[in-house]
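Peer 1: What follows is a single structure, and I will ask about it in a moment.
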Number of protein chains: 2
Amino acid sequence: MTPEVLFWLVPLASLIALGFAAIFFFNMKKADEGTDRMKEIAGYVREGAMAYLKQQYKVVGVVFAIIAVIFCIMAYFGMQNNIVPVAFLTGGFFSGLAGFIGMKTATYASGRVAQACRDEQDGLNKGLKLAFRSGAVLGLTVVGFGLLDISAWYLILDNTGLIDAQGIDKLVQITTIMLTFGMGASLQALFARVGGGIYTKAADVGADLVGKTEYHFNEDDPRNPATIADNVGDNVGDVAGMGADLYESYAGSILASAALGAAAVAGMGGTYDEGIKMVMAPMIIGAVGAILSVLGIFIVRTKQGANQTELMAALNRGINFSSVLIAIAAAGILNVLGIENWLGLWGSIVIGLVVGIAIGKVTEYYTSFEFKPVKFIAENATTGPATVIISGIGVGMISTCWPVIFIVLGTIGAYLCATGSFVFSAENMSMGLYGIGIAAVGMLSTLGLTLATDAYGPISDNAGGNAEMSELGESVRSRTDALDALGNTTAATGKGFAIGSAALTALALLASYIEEIKMAALHYGESFKASFFSTETINSAELAKMNIAEFMAKFDVTLMNPKVLLGIFVGAMLSFLFCGLTMNAVGRAAKSMVEEVRRQLSDKDVFEGRKKADYARCVGISTQGAQREMIVPSMIAVIVPIATGLIMGVPGVFGLLAGGLAGGFVLAVFMANSGGAWDNAKKYIETGDADFCGKHTPVHDASVVGDTVGDPFKDTSGPSLNILIKLMSMVSIVTAGLNVAFSLL
Amino acid sequence: MTPEVLFWLVPLASLIALGFAAIFFFNMKKADEGTDRMKEIAGYVREGAMAYLKQQYKVVGVVFAIIAVIFCIMAYFGMQNNIVPVAFLTGGFFSGLAGFIGMKTATYASGRVAQACRDEQDGLNKGLKLAFRSGAVLGLTVVGFGLLDISAWYLILDNTGLIDAQGIDKLVQITTIMLTFGMGASLQALFARVGGGIYTKAADVGADLVGKTEYHFNEDDPRNPATIADNVGDNVGDVAGMGADLYESYAGSILASAALGAAAVAGMGGTYDEGIKMVMAPMIIGAVGAILSVLGIFIVRTKQGANQTELMAALNRGINFSSVLIAIAAAGILNVLGIENWLGLWGSIVIGLVVGIAIGKVTEYYTSFEFKPVKFIAENATTGPATVIISGIGVGMISTCWPVIFIVLGTIGAYLCATGSFVFSAENMSMGLYGIGIAAVGMLSTLGLTLATDAYGPISDNAGGNAEMSELGESVRSRTDALDALGNTTAATGKGFAIGSAALTALALLASYIEEIKMAALHYGESFKASFFSTETINSAELAKMNIAEFMAKFDVTLMNPKVLLGIFVGAMLSFLFCGLTMNAVGRAAKSMVEEVRRQLSDKDVFEGRKKADYARCVGISTQGAQREMIVPSMIAVIVPIATGLIMGVPGVFGLLAGGLAGGFVLAVFMANSGGAWDNAKKYIETGDADFCGKHTPVHDASVVGDTVGDPFKDTSGPSLNILIKLMSMVSIVTAGLNVAFSLL
């Protein structure tokens, strides 16, 4: 079959994924909502979540409108293709829509999951299935919209007169322009992650600090005024935020690989027929992965009274099934496409899958209380909160070692496999980078399923909240707890995929920046200056013909160029600045929350449950806090790469991106793992397994401090860095034309 | 005057510095030691410190012996100059000796300072002068030995037949070989910082957690068994560790600049006469700075009853005086040497001075309770320890922004000034890098004085400890407290110089690595492979003629080379791993200490002061903990650069160093500033200035948690990173021959 025919698998898979998402959604809606009290609680959470999202999209809408206008102006002055503003908007729109649908589903589902768990016969299995399939709505929506956006743009650009080129050049231009819709998705994702992360942790920290520490309430006690905000936060941060994040990674990895493939073939003087295979490969692998994910979803089921291990096994069966099948299918796809080095590229894909799983396993080792690191932190709780914090930070920092080694080995492996060679050289660089990109595609190919296991977590968490607030009794709560505990482990795996794919995608995007600069140069004129402050003139036509190594030498993007070195410094610093701003944002919003909760609980009637707590005020505090605080960090991610490009030119941008990527990756792993480890150290102490354990002891109190500090680590700052890494690359790519144009002033 | 004549200023200044150090030492020894109880306490601290240092030097001696043997083997096989093992050992020896003398002085001085403070008439002034001049012993010893080692080696290499070259080539070889003694100094410094840092914080955290938090003892209560270990720790970490660290920066910046100067002139085809000026300039500036530091020391004095501001003014007067004079003198030196672009280089030196001061000011802003950030953390103590930690981490992360911007602007400025141009280009790169190196020399030129203000801190701290344990009464303690509080502020400035100079020196060292590779290649044969896994052959003679940009292009050290990118990842990760290991080391040692202190205080006789606490056991715990725990992190810093060089070749090493430098710098600033801010947030709460303040309240307890977490941040992990940054460069430089040789296998 020709690649052109196989391409139709992409829109087809998109429709299948979206179709099943719709089926799962409507099936879930048919499930019993439970008692009036349960409906009431679910209604509060749903209202709060929708109110937040409405507010969020308003702010984001304004930002998008402003940026789109700027892009239109740039396009008008020829600094950019006319299609970019539209592509930017669609990326943002679909990313937001996927988050919206996922969250809508989650807020409808959680009450129903609690109701399903009330079934004494088959409650656990029913609950698992309902929660998981509701999570799958998010997974399949993300994948479906991603493939839809990609295939629609490809069809438009390929079949209309918008691209003024032929053959392989047309392919390069199509794929490079399509990349820019990634920026819209990235920016939407950053707002979702940062805003959602601040929201959820302000509520969580506020609820815990007063409710748990001062009043010794249980989790989700209905008297705690911040409870609803806390439950809303799970949806806002972990569903909508995570969805937007991975939508971006998913689309980004496919688009970056396609662009790299076209560029690699063009660079080697290849033809359109060779190029189209490389462009189609990542798209079709994504499409087949989406279909396999649907199959995997149907495999997940368990029996009543299943323990943690059996529940985990149920989820793992689905993931393993899809992973093995996609590995096999990928070999077939590459063969059918007739790619010469199909075995090598297949190796890259498998490496991507393995690295994702390996990072997930390391994450599990450092954050699960089955293993030494978390137990070590728990032991340190016996000497008070200070040693809990010190050991948690120590463990988190040490935990960065293996993920970096995996990424390094995976990158080397994917590169060399794709080139079919044992050495790096200037000649095979394009193909090697394509290998890195397609490894990311492999890692994310079963996203429909892995994201389902991720979104399943907050749904179960909320189901537990609903059960507690509706006072459904111990046995129901124990079932929702079992589902929730499982969600914490799958979240670790999900984070491995999120950060691993971000690193690989960002590495691949570096190469796309080169193509953008070349295109902008050709578009702009015969020659231009290397940067505003440079005296060197660069010939556009010559530049276009250079391979990557020559391009880098021409711009002197070497590690002794001060602009590169200083760019690396700024990039590394930016990750820290970004985290510092988001940490303090959570701190400030949490402080307002604490004050409000204290104020309400000082009313004896509220404390003793005779008067209903004012949930809406707490929801309002989180919403406003998140909206106010998300602007500055997000804008830094947009403005700094542009400013660096204008002032320091191409070498500065490369330094910034490399420094931001390496620094951001390590910092993200550290924060996510420290946070996860603290959370589970507390849970370990609550199990009472060791002699120093037990609830409401000083040791437990010390561990709660760790857990509270870990909240913004693992759910606000850490995951936002994934997107920061990619967004900075995307911004640089989209504004490459500005660099070139500015140098001519 | 010829540069050769001016050179004699260097040994002369060394003798002057060492002479005054001796005078200050013997004058201090003549001061009254106070009561028998005071002598007894001082004796304990002195014994503990010396016992630790003896143990430390034993372990370090073994490591040095092993490495020296390896170097001898490498030299035997021609991978290295025969002089390297000897130079390595002298660097380590002088660094250790400077630390030893500084600590000896500090432990003799602190009791005498306490005694001086007992003078009701002139106690504060007497105490300040005695403490400060005792601190100056460390400052002048470091500077004196640094200049001595440099001048002795220069004379030996220049006047004996050890160097087999003539003219400018000889100069290049001399300066490049001299650099290797920096590795000895670096390694000694790392052991001192890591070992000392673990020692001091294990004792401090242990003493605070039980003594202050559980028993509500005051600081330095004699009943607390860890008190002596805590006081010993100040000497071990802050005197010996800081001294070794800055010895290394001082010598490293002078040697790196000299090597860069020679290489720059050789690269432009210049003569010996031009080269010698560039080589001498940093040495002579260092020499004149040392003499001016002695003058500055004599200016520091104050009046009785001086407040904090007046005390600070006294110290600042000395520093400002020396800084202004060295700025003026530098212009004269460059003129007398007859350097063509003297004005430009003078600009670089002044920029170095200004950047050091600017980073110090930022550090002060983020860590002093006069300003908003620390007050913000203190306010967060009202909602418990978790928000103290969150806000402290947030503030620390944000605080990395300005130091990075200053380093970036300073580097650009120093580079461009030195080249006398407005643009970066391949041609002016050598001169630009020389400018960066000499900026570091400028920053550290008044080290004799700035280090005196640094070492003054722990001496005053110990004086306070002695006063408390000897029960000298409130008025004496209030005077030692005033001296101590001042020490905390000057420590901030000192840290600015330490980290700022580390960054600039490490940047300059990158260029020296290139020279080493060139020399090794020439030495080794006509051609060699780019790396073990490479197929490309490099011609040694051609390589030797390349300028920096050409060299980098030849090895493809660009940011799209996967080896470079992955090196950056590993470098960034290494900083985190290193910090994680040292954090956990402190945690473990502190835990043993807590258990020991609890055990002793459970004896009612000890708790009520009837039975003397067993100080020696606590000293032993810290000593053993530090020795056991310092090996692994230190060896990582040695082994990883060597392994990277062997496996990934020159591009991998450059990536590693750049990633480690940027990541390590940012992480170091974050950790130092978070730690300092927590410390002072606690102090702010103790002042009672705001309505939520006051000792022994829950708010204060929350702030003590922050302070305890901050201890290893600011005194173990953070400052050790300064050295990690430089040591990795030094190791790469010294083992460059191994890279080249291995590629030939």
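Each chain in the structure tokens gets a letter, A, B, ..., in the order shown, and its residues are numbered from 1; ligands are numbered from 1 in order too.
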Using only C-alpha atoms, which chain A residues lie at most 7 Å away from chain B, written as a PDB file with C-alpha atoms, in the first residue's frame?
Peer 2:
ATOM      1  CA  PRO A 385       9.584  17.377  60.313  1.00  0.00           C
ATOM      2  CA  ALA A 386      13.027  18.849  59.556  1.00  0.00           C
ATOM      3  CA  THR A 387      14.612  15.469  58.944  1.00  0.00           C
ATOM      4  CA  ILE A 389      12.215  17.354  54.597  1.00  0.00           C
ATOM      5  CA  ILE A 390      15.986  16.862  54.435  1.00  0.00           C
ATOM      6  CA  SER A 391      15.695  13.178  53.602  1.00  0.00           C
ATOM      7  CA  ILE A 393      14.951  16.325  49.252  1.00  0.00           C
ATOM      8  CA  GLY A 394      17.958  14.025  49.404  1.00  0.00           C
ATOM      9  CA  VAL A 395      16.011  11.092  47.987  1.00  0.00           C
ATOM     10  CA  MET A 397      17.801  14.594  44.179  1.00  0.00           C
ATOM     11  CA  ILE A 398      19.395  11.174  44.065  1.00  0.00           C
ATOM     12  CA  THR A 400      17.350  12.037  39.144  1.00  0.00           C
ATOM     13  CA  CYS A 401      20.298   9.797  38.376  1.00  0.00           C
ATOM     14  CA  VAL A 404      18.885  10.826  33.160  1.00  0.00           C
ATOM     15  CA  VAL A 408      20.904   9.336  27.709  1.00  0.00           C
ATOM     16  CA  VAL A 423      29.056   6.183  15.409  1.00  0.00           C
ATOM     17  CA  PHE A 533      24.736  42.641  17.182  1.00  0.00           C
ATOM     18  CA  SER A 534      26.668  40.595  14.682  1.00  0.00           C
ATOM     19  CA  MET A 552      25.774  24.820  13.730  1.00  0.00           C
ATOM     20  CA  ALA A 553      29.336  25.642  12.721  1.00  0.00           C
ATOM     21  CA  VAL A 557      26.735  27.232  18.181  1.00  0.00           C
ATOM     22  CA  THR A 558      29.684  25.634  19.978  1.00  0.00           C
ATOM     23  CA  LEU A 559      30.192  25.354  23.685  1.00  0.00           C
ATOM     24  CA  LEU A 566      25.267  32.173  28.816  1.00  0.00           C
ATOM     25  CA  ILE A 568      22.637  27.607  29.043  1.00  0.00           C
ATOM     26  CA  PHE A 569      22.966  29.533  32.304  1.00  0.00           C
ATOM     27  CA  VAL A 570      19.758  31.449  31.646  1.00  0.00           C
ATOM     28  CA  ALA A 572      18.907  26.441  33.757  1.00  0.00           C
ATOM     29  CA  MET A 573      18.001  29.449  35.870  1.00  0.00           C
ATOM     30  CA  PHE A 576      14.305  27.408  38.937  1.00  0.00           C
ATOM     31  CA  LEU A 577      12.698  30.813  38.606  1.00  0.00           C
ATOM     32  CA  CYS A 579       9.360  26.706  39.984  1.00  0.00           C
ATOM     33  CA  GLY A 580      10.025  29.376  42.574  1.00  0.00           C
ATOM     34  CA  LEU A 581       7.218  31.529  41.225  1.00  0.00           C
ATOM     35  CA  MET A 583       5.781  27.432  44.604  1.00  0.00           C
ATOM     36  CA  ASN A 584       5.206  30.880  46.050  1.00  0.00           C
ATOM     37  CA  GLY A 587       2.016  29.334  49.159  1.00  0.00           C
ATOM     38  CA  PHE A 654      20.192  27.030  21.367  1.00  0.00           C
ATOM     39  CA  ALA A 662      18.592  19.625  30.858  1.00  0.00           C
ATOM     40  CA  GLY A 663      18.004  21.765  33.930  1.00  0.00           C
ATOM     41  CA  VAL A 666      16.397  17.101  36.216  1.00  0.00           C
ATOM     42  CA  VAL A 705       4.537  18.295  56.859  1.00  0.00           C
ATOM     43  CA  THR A 708       2.158  19.147  52.386  1.00  0.00           C
ATOM     44  CA  VAL A 709       5.488  20.457  51.100  1.00  0.00           C
TER      45      VAL A 709
END
Peer 1: Give the helix (DSSP H, G or I) residues of range 526-734 of chain B, as assigned by DSSP on the backbone, as a VMD selection string.
Peer 2: chain B and resid 540 to 545 548 to 554 562 to 601 604 to 607 615 to 687 698 to 734
Peer 1: Can you build me a table of range 190-289 of chain A residues sitting at most 10 Å from range 90-105 of chain A, with the closest atom pair per residue and its distance in Å to one decimal, using only C-alpha atoms, sorted by chain and residue number, as a Markdown table?
Peer 2:
| residue | atom | partner | partner_atom | distance |
| --- | --- | --- | --- | --- |
| A:Phe191 | CA | A:Gly96 | CA | 9.9 |
| A:Ala192 | CA | A:Gly96 | CA | 8.2 |
| A:Val232 | CA | A:Met103 | CA | 9.7 |
| A:Asp234 | CA | A:Met103 | CA | 9.7 |
| A:Asn235 | CA | A:Met103 | CA | 5.9 |
| A:Val236 | CA | A:Met103 | CA | 7.1 |
| A:Gly237 | CA | A:Met103 | CA | 9.6 |
| A:Asp238 | CA | A:Met103 | CA | 9.2 |
| A:Val239 | CA | A:Met103 | CA | 5.8 |
| A:Ala240 | CA | A:Gly99 | CA | 4.1 |
| A:Gly241 | CA | A:Gly99 | CA | 6.9 |
| A:Met242 | CA | A:Gly99 | CA | 8.0 |
| A:Gly243 | CA | A:Gly99 | CA | 5.3 |
| A:Ala244 | CA | A:Ser95 | CA | 5.2 |
| A:Asp245 | CA | A:Ser95 | CA | 8.3 |
| A:Leu246 | CA | A:Ser95 | CA | 9.0 |
| A:Tyr247 | CA | A:Ser95 | CA | 6.1 |
| A:Glu248 | CA | A:Ser95 | CA | 7.2 |
| A:Ala251 | CA | A:Gly91 | CA | 9.1 |
Peer 1: Restricting it to N, CA and C atoms, dump the selection as an mmCIF file, in the first residue's frame.
Peer 2:
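part_8.cif written:
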data_model
loop_
_atom_site.group_PDB
_atom_site.id
_atom_site.type_symbol
_atom_site.label_atom_id
_atom_site.label_comp_id
_atom_site.auth_asym_id
_atom_site.auth_seq_id
_atom_site.Cartn_x
_atom_site.Cartn_y
_atom_site.Cartn_z
ATOM 1 N N PHE A 191 -0.868 26.879 30.674
ATOM 2 C CA PHE A 191 -1.875 27.543 31.517
ATOM 3 C C PHE A 191 -2.659 26.513 32.325
ATOM 4 N N ALA A 192 -3.013 25.411 31.661
ATOM 5 C CA ALA A 192 -3.810 24.397 32.350
ATOM 6 C C ALA A 192 -3.020 23.791 33.509
ATOM 7 N N VAL A 232 -12.545 19.605 43.611
ATOM 8 C CA VAL A 232 -12.530 20.295 42.322
ATOM 9 C C VAL A 232 -11.108 20.322 41.779
ATOM 10 N N ASP A 234 -8.630 18.295 42.140
ATOM 11 C CA ASP A 234 -8.166 17.059 41.514
ATOM 12 C C ASP A 234 -8.557 17.025 40.045
ATOM 13 N N ASN A 235 -9.780 17.462 39.762
ATOM 14 C CA ASN A 235 -10.251 17.465 38.375
ATOM 15 C C ASN A 235 -9.525 18.510 37.538
ATOM 16 N N VAL A 236 -9.399 19.690 38.135
ATOM 17 C CA VAL A 236 -8.802 20.799 37.397
ATOM 18 C C VAL A 236 -7.332 20.528 37.099
ATOM 19 N N GLY A 237 -6.611 20.054 38.108
ATOM 20 C CA GLY A 237 -5.173 19.867 37.926
ATOM 21 C C GLY A 237 -4.846 18.547 37.250
ATOM 22 N N ASP A 238 -5.369 17.462 37.828
ATOM 23 C CA ASP A 238 -4.917 16.148 37.384
ATOM 24 C C ASP A 238 -5.652 15.649 36.153
ATOM 25 N N VAL A 239 -6.850 16.154 35.887
ATOM 26 C CA VAL A 239 -7.543 15.720 34.671
ATOM 27 C C VAL A 239 -7.321 16.719 33.539
ATOM 28 N N ALA A 240 -7.832 17.927 33.721
ATOM 29 C CA ALA A 240 -7.730 18.902 32.625
ATOM 30 C C ALA A 240 -6.262 19.247 32.355
ATOM 31 N N GLY A 241 -5.469 19.455 33.423
ATOM 32 C CA GLY A 241 -4.062 19.831 33.254
ATOM 33 C C GLY A 241 -3.258 18.731 32.594
ATOM 34 N N MET A 242 -3.399 17.516 33.131
ATOM 35 C CA MET A 242 -2.668 16.380 32.582
ATOM 36 C C MET A 242 -3.056 16.131 31.135
ATOM 37 N N GLY A 243 -4.376 16.268 30.831
ATOM 38 C CA GLY A 243 -4.846 16.039 29.470
ATOM 39 C C GLY A 243 -4.222 17.015 28.486
ATOM 40 N N ALA A 244 -4.246 18.287 28.844
ATOM 41 C CA ALA A 244 -3.675 19.299 27.959
ATOM 42 C C ALA A 244 -2.178 19.069 27.784
ATOM 43 N N ASP A 245 -1.504 18.699 28.870
ATOM 44 C CA ASP A 245 -0.069 18.433 28.825
ATOM 45 C C ASP A 245 0.232 17.327 27.818
ATOM 46 N N LEU A 246 -0.476 16.210 27.954
ATOM 47 C CA LEU A 246 -0.117 15.071 27.113
ATOM 48 C C LEU A 246 -0.655 15.198 25.697
ATOM 49 N N TYR A 247 -1.725 15.971 25.528
ATOM 50 C CA TYR A 247 -2.159 16.294 24.169
ATOM 51 C C TYR A 247 -0.993 16.931 23.419
ATOM 52 N N GLU A 248 -0.334 17.819 24.115
ATOM 53 C CA GLU A 248 0.753 18.570 23.538
ATOM 54 C C GLU A 248 1.946 17.659 23.234
ATOM 55 N N ALA A 251 0.839 15.209 20.213
ATOM 56 C CA ALA A 251 0.864 15.876 18.908
ATOM 57 C C ALA A 251 2.286 16.346 18.592
#
Peer 1: Select from range 522-589 of chain B everything DSSP, run on the backbone, classes as strand (DSSP E), then give the selection as a list in words.
Peer 2: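 Selecting the strand (DSSP E) positions of range 522-589 of chain B gives Ser527, Phe528, Lys529, Thr537, Ile538 and Asn539 of chain B.
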Peer 1: Mind pulling up the distance from CA of Gly135 in chain B to CA of Ala327 in chain B?
Peer 2: 23.9 Å
Peer 1: With a distance cut-off of 9 Å and only C-alpha atoms, select the neighbouring residues of Ala114 in chain A, excluding the residue or stretch itself and same-chain residues fewer than 5 positions from it, and output the selection as number ranges by chain.
Peer 2: A: 33-34, 38, 109, 127, 460, 462-467, 472, 476-477, 479-480
Peer 1: How would the residues just chosen look if you wrote them out with all heavy atoms as a compact mmCIF listing (two decimals), in the first residue's frame?
Peer 2:
# COMPACT_ATOMS: atom_id res chain seq x y z
N GLU A 33 -26.76 7.50 39.74
CA GLU A 33 -26.07 8.62 40.41
C GLU A 33 -26.09 8.50 41.92
O GLU A 33 -25.45 9.29 42.61
CB GLU A 33 -26.73 9.95 40.02
CG GLU A 33 -26.17 10.55 38.77
CD GLU A 33 -26.58 12.01 38.67
OE1 GLU A 33 -27.67 12.28 38.16
OE2 GLU A 33 -25.81 12.86 39.15
N GLY A 34 -26.88 7.59 42.44
CA GLY A 34 -26.91 7.40 43.89
C GLY A 34 -27.91 8.30 44.58
O GLY A 34 -28.86 8.80 43.97
N MET A 38 -25.52 12.35 47.48
CA MET A 38 -24.42 12.10 46.55
C MET A 38 -24.53 13.01 45.33
O MET A 38 -23.54 13.56 44.87
CB MET A 38 -24.43 10.63 46.11
CG MET A 38 -24.00 9.68 47.23
SD MET A 38 -24.28 7.96 46.80
CE MET A 38 -22.95 7.69 45.65
N ALA A 109 -18.52 11.37 36.54
CA ALA A 109 -18.26 9.96 36.84
C ALA A 109 -18.07 9.70 38.33
O ALA A 109 -18.52 8.66 38.84
CB ALA A 109 -17.02 9.50 36.08
N GLY A 127 -16.79 -0.58 40.12
CA GLY A 127 -16.16 0.73 40.35
C GLY A 127 -14.94 0.90 39.48
O GLY A 127 -14.75 1.94 38.83
N SER A 460 -11.22 8.25 40.99
CA SER A 460 -11.38 7.41 42.18
C SER A 460 -11.24 8.23 43.45
O SER A 460 -11.95 8.02 44.44
CB SER A 460 -10.32 6.32 42.20
OG SER A 460 -10.28 5.65 40.98
N ASN A 462 -11.96 11.35 43.84
CA ASN A 462 -13.20 12.09 44.02
C ASN A 462 -14.35 11.18 44.44
O ASN A 462 -15.23 11.59 45.20
CB ASN A 462 -13.59 12.79 42.71
CG ASN A 462 -13.15 14.24 42.69
OD1 ASN A 462 -13.97 15.12 42.86
ND2 ASN A 462 -11.87 14.50 42.55
N ALA A 463 -14.34 9.94 43.94
CA ALA A 463 -15.39 9.00 44.35
C ALA A 463 -15.29 8.79 45.85
O ALA A 463 -16.31 8.77 46.57
CB ALA A 463 -15.21 7.68 43.60
N GLY A 464 -14.03 8.66 46.34
CA GLY A 464 -13.82 8.52 47.78
C GLY A 464 -14.33 9.74 48.52
O GLY A 464 -14.98 9.63 49.58
N GLY A 465 -14.06 10.91 47.97
CA GLY A 465 -14.52 12.15 48.59
C GLY A 465 -16.04 12.17 48.68
O GLY A 465 -16.63 12.51 49.71
N ASN A 466 -16.68 11.77 47.59
CA ASN A 466 -18.13 11.74 47.56
C ASN A 466 -18.66 10.75 48.61
O ASN A 466 -19.60 11.06 49.35
CB ASN A 466 -18.60 11.34 46.16
CG ASN A 466 -20.08 11.61 45.94
OD1 ASN A 466 -20.89 11.12 46.70
ND2 ASN A 466 -20.39 12.42 44.93
N ALA A 467 -18.03 9.57 48.69
CA ALA A 467 -18.47 8.56 49.65
C ALA A 467 -18.35 9.10 51.08
O ALA A 467 -19.24 8.91 51.92
CB ALA A 467 -17.64 7.29 49.49
N LEU A 472 -21.32 7.23 53.32
CA LEU A 472 -21.79 5.94 52.81
C LEU A 472 -21.28 4.76 53.62
O LEU A 472 -21.65 3.61 53.33
CB LEU A 472 -21.36 5.76 51.34
CG LEU A 472 -21.93 6.77 50.34
CD1 LEU A 472 -21.51 6.40 48.93
CD2 LEU A 472 -23.45 6.83 50.43
N VAL A 476 -17.86 0.88 51.74
CA VAL A 476 -17.80 1.60 50.46
C VAL A 476 -16.49 2.38 50.39
O VAL A 476 -15.76 2.33 49.40
CB VAL A 476 -19.00 2.56 50.32
CG1 VAL A 476 -18.90 3.34 49.02
CG2 VAL A 476 -20.30 1.80 50.41
N ARG A 477 -16.21 3.07 51.49
CA ARG A 477 -14.99 3.88 51.51
C ARG A 477 -13.76 3.00 51.31
O ARG A 477 -12.80 3.40 50.66
CB ARG A 477 -14.91 4.62 52.86
CG ARG A 477 -13.70 5.52 53.06
CD ARG A 477 -13.85 6.86 52.35
NE ARG A 477 -12.55 7.35 51.90
CZ ARG A 477 -12.26 8.61 51.65
NH1 ARG A 477 -13.16 9.55 51.80
NH2 ARG A 477 -11.09 8.97 51.23
N ARG A 479 -13.52 0.39 49.53
CA ARG A 479 -13.39 0.06 48.12
C ARG A 479 -12.87 1.25 47.31
O ARG A 479 -11.99 1.11 46.47
CB ARG A 479 -14.74 -0.42 47.55
CG ARG A 479 -14.95 -1.90 47.77
CD ARG A 479 -16.31 -2.38 47.28
NE ARG A 479 -16.90 -3.22 48.31
CZ ARG A 479 -18.08 -3.02 48.87
NH1 ARG A 479 -18.85 -2.04 48.48
NH2 ARG A 479 -18.50 -3.81 49.83
N THR A 480 -13.43 2.42 47.59
CA THR A 480 -12.91 3.58 46.84
C THR A 480 -11.46 3.84 47.22
O THR A 480 -10.66 4.27 46.38
CB THR A 480 -13.75 4.85 47.12
OG1 THR A 480 -13.70 5.15 48.51
CG2 THR A 480 -15.19 4.67 46.68
Peer 1: Contacts of Leu9 in chain A at 8 Å or less, counting only C-alpha atoms, minus same-chain residues fewer than 5 places along, as an MDAnalysis selection string?
Peer 2: chainID A and resid 284 287:288
Peer 1: Write out the residues from the selection above, keeping C-alpha atoms, as a PDB file, in the first residue's frame.
Peer 2:
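Saved as result.pdb:
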ATOM      1  CA  ILE A 284       0.371   5.875  11.318  1.00  0.00           C
ATOM      2  CA  ALA A 287      -3.103   5.865  14.639  1.00  0.00           C
ATOM      3  CA  VAL A 288      -2.551   2.140  15.153  1.00  0.00           C
TER       4      VAL A 288
END
Peer 1: As an exercise, work out the distance from CA of Leu353 in chain A to CA of Asn673 in chain A in Å and give it to one decimal place.
Peer 2: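 Between these atoms lies a distance of 20.9 Å.
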Peer 1: List as a list in words the protein and nucleic acid residues near range 45-61 of chain B, meaning an atom at most 7 Å away when only C-alpha atoms are counted, but skip any in the same chain fewer than 4 places from it.
Peer 2: Ile41, Ala65, Thr107, Ile228, Asn231, Val232, Val236, Val619, Thr623 and Gln627 of chain B
Peer 1: For Lys495 in chain B, find every residue with an atom within 9 Å (counting only C-alpha atoms), except residues of its own chain fewer than 5 positions away, and show them as a PyMOL selection string.
Peer 2: chain B and resi 359-360+363+454+490+500+669+672+719
Peer 1: Restricting the calculation to only C-alpha atoms: of A:Thr309, A:Ala381, A:Gly296, A:Gly718, which residue gets closest to Pro698 in chain A?
Peer 2: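 Closest to Pro698 in chain A of all the choices is A:Ala381.
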Peer 1: So, counting only C-alpha atoms, which residue among B:Asp32, B:Met648, B:Phe369, B:Leu130 is closest to Ile685 in chain B?
Peer 2: B:Phe369
Peer 1: What's the 6 Å shell around range 730-733 of chain B, counting only C-alpha atoms, without same-chain residues fewer than 6 positions away, as number ranges by chain?
Peer 2: B: 183, 513, 641
Peer 1: Grab the residues selected above and save them as an mmCIF file, in the first residue's frame with C-alpha atoms.
Peer 2:
data_model
loop_
_atom_site.group_PDB
_atom_site.id
_atom_site.type_symbol
_atom_site.label_atom_id
_atom_site.label_comp_id
_atom_site.auth_asym_id
_atom_site.auth_seq_id
_atom_site.Cartn_x
_atom_site.Cartn_y
_atom_site.Cartn_z
ATOM 1 C CA MET B 183 43.486 19.966 40.694
ATOM 2 C CA TYR B 513 40.907 22.144 28.480
ATOM 3 C CA PRO B 641 34.582 13.445 34.006
#
Peer 1: Between CA of Val5 in chain B and CA of Asn81 in chain B, what distance in Å does the model show, to one decimal?
Peer 2: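 Atom-to-atom, CA of Val5 in chain B and CA of Asn81 in chain B are spaced 28.1 Å apart.
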Peer 1: Compare A:Ala189, A:Val84, A:Ile636, A:Ala258 by their minimum atom-to-atom distance to Ile70 in chain A, counting only C-alpha atoms, and give me the closest one.
Peer 2: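 Closest to Ile70 in chain A, using only C-alpha atoms: A:Val84.
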